Amino acid sequence: MTTVLDGHGLSVRFGDLQVLDGVDFAVQPGEAVGIVGPNGAGKTTMLNVLAGAIRPQQGTVRFEGRDVTRTRPDQRCRMGVGRAFQVPRPFGGMTVLENVVVAASYGGDLKGRRAYARAADVLDECGLAEIANRRAESLGLLHRKRLELARCLATTPKVVLLDEIGAGLTDAEAAELVDAVRHIKQGGTAIVWIEHIVHVLVQVVDRLVCMDTGRVIADGDPAEVLKDAVVIDAYLGKATS
Ligand SMILES: Nc1ncnc2c1ncn2[C@@H]1O[C@H](COP(=O)(O)OP(=O)(O)OP(=O)(O)O)[C@@H](O)[C@H]1O
């Protein structure tokens with residue numbers, strides 16, 4: 001089984017600030033990995049490096065064994081690296097369906113009817129079919145988050161990178177989101193999910209990674225990681241869950 005996405009020796013520095021310091025990370029096909037850690041630990045930067053939005057000063061990123069360190073984010077997207085952001089920014093002036101068709105066309109490289117068919121499937125999957133013709137800017141937060149997931153899934157990813165998609169949701173809404181992410185996992189897509197709401201995260205992930213000051217300080221079974229004294233000291237004392 002080929003590792004779907006991995007980074008080796010990733011280092012990123014912004015000026016004097018060492019944000020990633022030789023990080024190794026890998027996700028296997030179908031695996032769901034959660035990433036936690038205090039503010040400023042480097043979690044989003046690592047996701048940016050995996051997605052291609054930031055090029056590391058050192059280290060390599062591979063997708064299905066192929067070196068993509070210098071591959072642009074849009075090219076990685078078409079290869080199968082999907083991404084959903086904390087703050088959804090759908091195209092205003094377009095419907096929910098049109099937003100997802102754009103993702104299927106440009107991110108998923110599907111043409112014409114195939115893009116519409118993919119979009120229709122994804123809208124069903126994400127519980128958005130009934131509001132397919134609503135303008136994206138009229139949606140409430142949960143529906144926006146669902147649309148963000150739908151746009152990501154429309155690209156037919158092999159791995160999805162989720163950055164704090166639960167932020168701002170009520171407990172009931174977060175539970176709905178967990179169902180949606182679980183559904184993605186059941187479809188066989190690998191997941192890398194940064195989330196501060198730890199009790200939400202552990203409902204889905206197979207493995208938990210904790211980062212602090214640009215390094216991985218724990219990596220393993222979620223229950224074990226959450227009991228780790230180093231993790232408690234660096235992060236859980238401050239967790240918002
Ligand atoms: N483009 C940038 N230029 C300069 N500094 C940056 C840049 N991007 C991130 N940083 C800094 O790098 C550090 C790590 O940021 P990053 O967003 O990766 O952390 P994080 O673990 O995702 O934090 P949070 O949980 O708050 O989202 C922070 O100190 C941040 O201010």
# chains A, B, ... in the order shown; residues from 1 in each chain; ligands from 1
>>> residues_near_ligand(ligand="ligand 1", cutoff="7 Å", atoms="only C-alpha atoms and all ligand atoms", output="list in words")
Phe14, Val19, Gly37, Pro38, Asn39, Gly40, Ala41, Gly42, Lys43, Thr44, Thr45 and Met46 of chain A
>>> select_by_dssp(residues="region 32-231 of chain A", states="strand (DSSP E or B)", output="number ranges by chain")
A: 32-36, 58-63, 66-67, 81-84, 95, 135, 159-163, 190-194, 207-212, 215-220
>>> write_last_selection(atoms="C-alpha atoms", output="CSV table (one decimal), in the first residue's frame")
chain,number,residue,atom,x,y,z
A,32,ALA,CA,-7.9,9.7,9.2
A,33,VAL,CA,-5.3,11.7,11.1
A,34,GLY,CA,-6.1,14.5,13.6
A,35,ILE,CA,-3.6,17.3,14.2
A,36,VAL,CA,-3.7,19.3,17.4
A,58,GLN,CA,14.0,22.1,3.5
A,59,GLY,CA,12.4,18.7,3.1
A,60,THR,CA,10.3,16.9,0.6
A,61,VAL,CA,6.6,16.2,0.0
A,62,ARG,CA,5.4,13.2,-1.8
A,63,PHE,CA,2.0,12.3,-3.2
A,66,ARG,CA,5.9,10.9,-6.3
A,67,ASP,CA,7.9,14.0,-5.3
A,81,VAL,CA,-5.1,16.6,-2.7
A,82,GLY,CA,-8.3,18.3,-1.6
A,83,ARG,CA,-8.5,21.1,0.9
A,84,ALA,CA,-11.2,22.8,3.0
A,95,THR,CA,-25.7,29.1,-6.4
A,135,ARG,CA,-27.2,31.7,-3.6
A,159,VAL,CA,-6.8,12.9,0.6
A,160,VAL,CA,-8.6,15.9,2.1
A,161,LEU,CA,-6.8,18.5,4.3
A,162,LEU,CA,-9.3,20.0,6.7
A,163,ASP,CA,-8.3,23.2,8.7
A,190,ALA,CA,-7.8,9.8,3.6
A,191,ILE,CA,-8.2,12.7,6.0
A,192,VAL,CA,-5.9,15.1,7.7
A,193,TRP,CA,-7.9,17.2,10.1
A,194,ILE,CA,-6.6,20.1,12.2
A,207,ARG,CA,-4.4,8.5,14.8
A,208,LEU,CA,-3.6,11.8,16.5
A,209,VAL,CA,-0.5,14.0,16.0
A,210,CYS,CA,0.3,16.7,18.4
A,211,MET,CA,2.6,19.6,17.3
A,212,ASP,CA,4.4,22.2,19.4
A,215,ARG,CA,7.8,19.9,15.9
A,216,VAL,CA,5.8,16.7,16.3
A,217,ILE,CA,5.7,15.9,20.0
A,218,ALA,CA,3.4,12.9,19.9
A,219,ASP,CA,1.9,10.7,17.2
A,220,GLY,CA,-0.2,7.6,17.8
>>> closest_residue(among="A:Ala119, A:Ala174, A:Ile184, A:Ala51", to="Gln75 (chain A)", atoms="only C-alpha atoms")
A:Ala51
>>> atom_distance(atom1="CA of Ile232 (chain A)", atom2="CA of His199 (chain A)")
14.6 Å
>>> decode(residues="region 11-107 of chain A", atoms="C-alpha atoms", output="mmCIF file, in the first residue's frame")
data_model
loop_
_atom_site.group_PDB
_atom_site.id
_atom_site.type_symbol
_atom_site.label_atom_id
_atom_site.label_comp_id
_atom_site.auth_asym_id
_atom_site.auth_seq_id
_atom_site.Cartn_x
_atom_site.Cartn_y
_atom_site.Cartn_z
ATOM 1 C CA SER A 11 11.386 23.023 7.636
ATOM 2 C CA VAL A 12 9.843 26.467 7.196
ATOM 3 C CA ARG A 13 11.193 29.726 8.530
ATOM 4 C CA PHE A 14 9.533 33.137 8.352
ATOM 5 C CA GLY A 15 12.309 35.639 9.037
ATOM 6 C CA ASP A 16 13.736 34.675 12.418
ATOM 7 C CA LEU A 17 10.807 32.429 13.276
ATOM 8 C CA GLN A 18 11.356 28.690 12.754
ATOM 9 C CA VAL A 19 7.760 27.574 12.178
ATOM 10 C CA LEU A 20 8.450 23.991 11.079
ATOM 11 C CA ASP A 21 11.576 22.293 12.301
ATOM 12 C CA GLY A 22 12.263 19.037 10.473
ATOM 13 C CA VAL A 23 8.736 17.627 10.583
ATOM 14 C CA ASP A 24 7.980 14.121 9.285
ATOM 15 C CA PHE A 25 4.368 13.333 8.535
ATOM 16 C CA ALA A 26 2.517 10.637 6.596
ATOM 17 C CA VAL A 27 -1.071 9.586 5.970
ATOM 18 C CA GLN A 28 -2.043 6.208 4.556
ATOM 19 C CA PRO A 29 -4.881 5.543 2.084
ATOM 20 C CA GLY A 30 -8.222 5.675 3.913
ATOM 21 C CA GLU A 31 -6.633 6.756 7.191
ATOM 22 C CA ALA A 32 -7.949 9.723 9.221
ATOM 23 C CA VAL A 33 -5.281 11.656 11.121
ATOM 24 C CA GLY A 34 -6.059 14.472 13.550
ATOM 25 C CA ILE A 35 -3.588 17.273 14.224
ATOM 26 C CA VAL A 36 -3.703 19.254 17.449
ATOM 27 C CA GLY A 37 -1.393 21.638 19.221
ATOM 28 C CA PRO A 38 -1.291 25.095 20.748
ATOM 29 C CA ASN A 39 -1.738 28.288 18.712
ATOM 30 C CA GLY A 40 1.314 28.969 16.604
ATOM 31 C CA ALA A 41 2.546 25.348 16.733
ATOM 32 C CA GLY A 42 2.842 25.247 12.932
ATOM 33 C CA LYS A 43 -0.223 23.111 12.120
ATOM 34 C CA THR A 44 -1.666 25.297 9.357
ATOM 35 C CA THR A 45 1.816 25.885 7.967
ATOM 36 C CA MET A 46 2.271 22.126 7.671
ATOM 37 C CA LEU A 47 -1.071 21.841 5.865
ATOM 38 C CA ASN A 48 0.025 24.668 3.566
ATOM 39 C CA VAL A 49 3.238 22.788 2.789
ATOM 40 C CA LEU A 50 1.329 19.546 2.110
ATOM 41 C CA ALA A 51 -1.125 21.415 -0.146
ATOM 42 C CA GLY A 52 1.626 23.317 -1.955
ATOM 43 C CA ALA A 53 0.659 26.810 -0.800
ATOM 44 C CA ILE A 54 4.038 27.174 0.957
ATOM 45 C CA ARG A 55 7.288 25.708 -0.325
ATOM 46 C CA PRO A 56 9.486 24.435 2.525
ATOM 47 C CA GLN A 57 13.080 25.647 2.746
ATOM 48 C CA GLN A 58 14.035 22.050 3.500
ATOM 49 C CA GLY A 59 12.361 18.700 3.101
ATOM 50 C CA THR A 60 10.258 16.884 0.551
ATOM 51 C CA VAL A 61 6.555 16.241 0.041
ATOM 52 C CA ARG A 62 5.377 13.173 -1.837
ATOM 53 C CA PHE A 63 1.972 12.258 -3.170
ATOM 54 C CA GLU A 64 1.565 8.516 -3.748
ATOM 55 C CA GLY A 65 5.338 8.211 -3.676
ATOM 56 C CA ARG A 66 5.944 10.922 -6.278
ATOM 57 C CA ASP A 67 7.929 14.026 -5.299
ATOM 58 C CA VAL A 68 5.539 17.017 -5.457
ATOM 59 C CA THR A 69 7.610 19.461 -3.412
ATOM 60 C CA ARG A 70 7.722 21.879 -6.334
ATOM 61 C CA THR A 71 4.247 21.099 -7.656
ATOM 62 C CA ARG A 72 1.727 23.962 -7.529
ATOM 63 C CA PRO A 73 -1.391 23.697 -5.299
ATOM 64 C CA ASP A 74 -3.794 23.602 -8.275
ATOM 65 C CA GLN A 75 -1.787 20.758 -9.819
ATOM 66 C CA ARG A 76 -1.768 18.888 -6.484
ATOM 67 C CA CYS A 77 -5.520 19.415 -6.301
ATOM 68 C CA ARG A 78 -6.006 17.777 -9.691
ATOM 69 C CA MET A 79 -3.732 14.928 -8.582
ATOM 70 C CA GLY A 80 -5.991 14.271 -5.581
ATOM 71 C CA VAL A 81 -5.086 16.603 -2.723
ATOM 72 C CA GLY A 82 -8.300 18.346 -1.615
ATOM 73 C CA ARG A 83 -8.494 21.120 0.920
ATOM 74 C CA ALA A 84 -11.195 22.774 3.046
ATOM 75 C CA PHE A 85 -10.537 26.040 4.854
ATOM 76 C CA GLN A 86 -11.586 27.315 8.284
ATOM 77 C CA VAL A 87 -13.356 30.302 6.739
ATOM 78 C CA PRO A 88 -15.369 29.165 3.727
ATOM 79 C CA ARG A 89 -15.204 31.598 0.836
ATOM 80 C CA PRO A 90 -17.668 30.344 -1.766
ATOM 81 C CA PHE A 91 -18.129 32.312 -4.962
ATOM 82 C CA GLY A 92 -20.769 34.959 -4.258
ATOM 83 C CA GLY A 93 -23.392 35.518 -6.941
ATOM 84 C CA MET A 94 -23.372 31.801 -7.711
ATOM 85 C CA THR A 95 -25.651 29.067 -6.438
ATOM 86 C CA VAL A 96 -24.552 26.179 -4.239
ATOM 87 C CA LEU A 97 -24.664 23.883 -7.287
ATOM 88 C CA GLU A 98 -22.657 26.270 -9.452
ATOM 89 C CA ASN A 99 -19.987 26.567 -6.760
ATOM 90 C CA VAL A 100 -19.601 22.788 -6.659
ATOM 91 C CA VAL A 101 -19.607 22.483 -10.464
ATOM 92 C CA VAL A 102 -16.724 24.980 -10.611
ATOM 93 C CA ALA A 103 -14.782 22.815 -8.158
ATOM 94 C CA ALA A 104 -15.540 19.642 -10.125
ATOM 95 C CA SER A 105 -14.499 21.336 -13.394
ATOM 96 C CA TYR A 106 -11.338 23.134 -12.339
ATOM 97 C CA GLY A 107 -10.179 21.113 -9.342
#
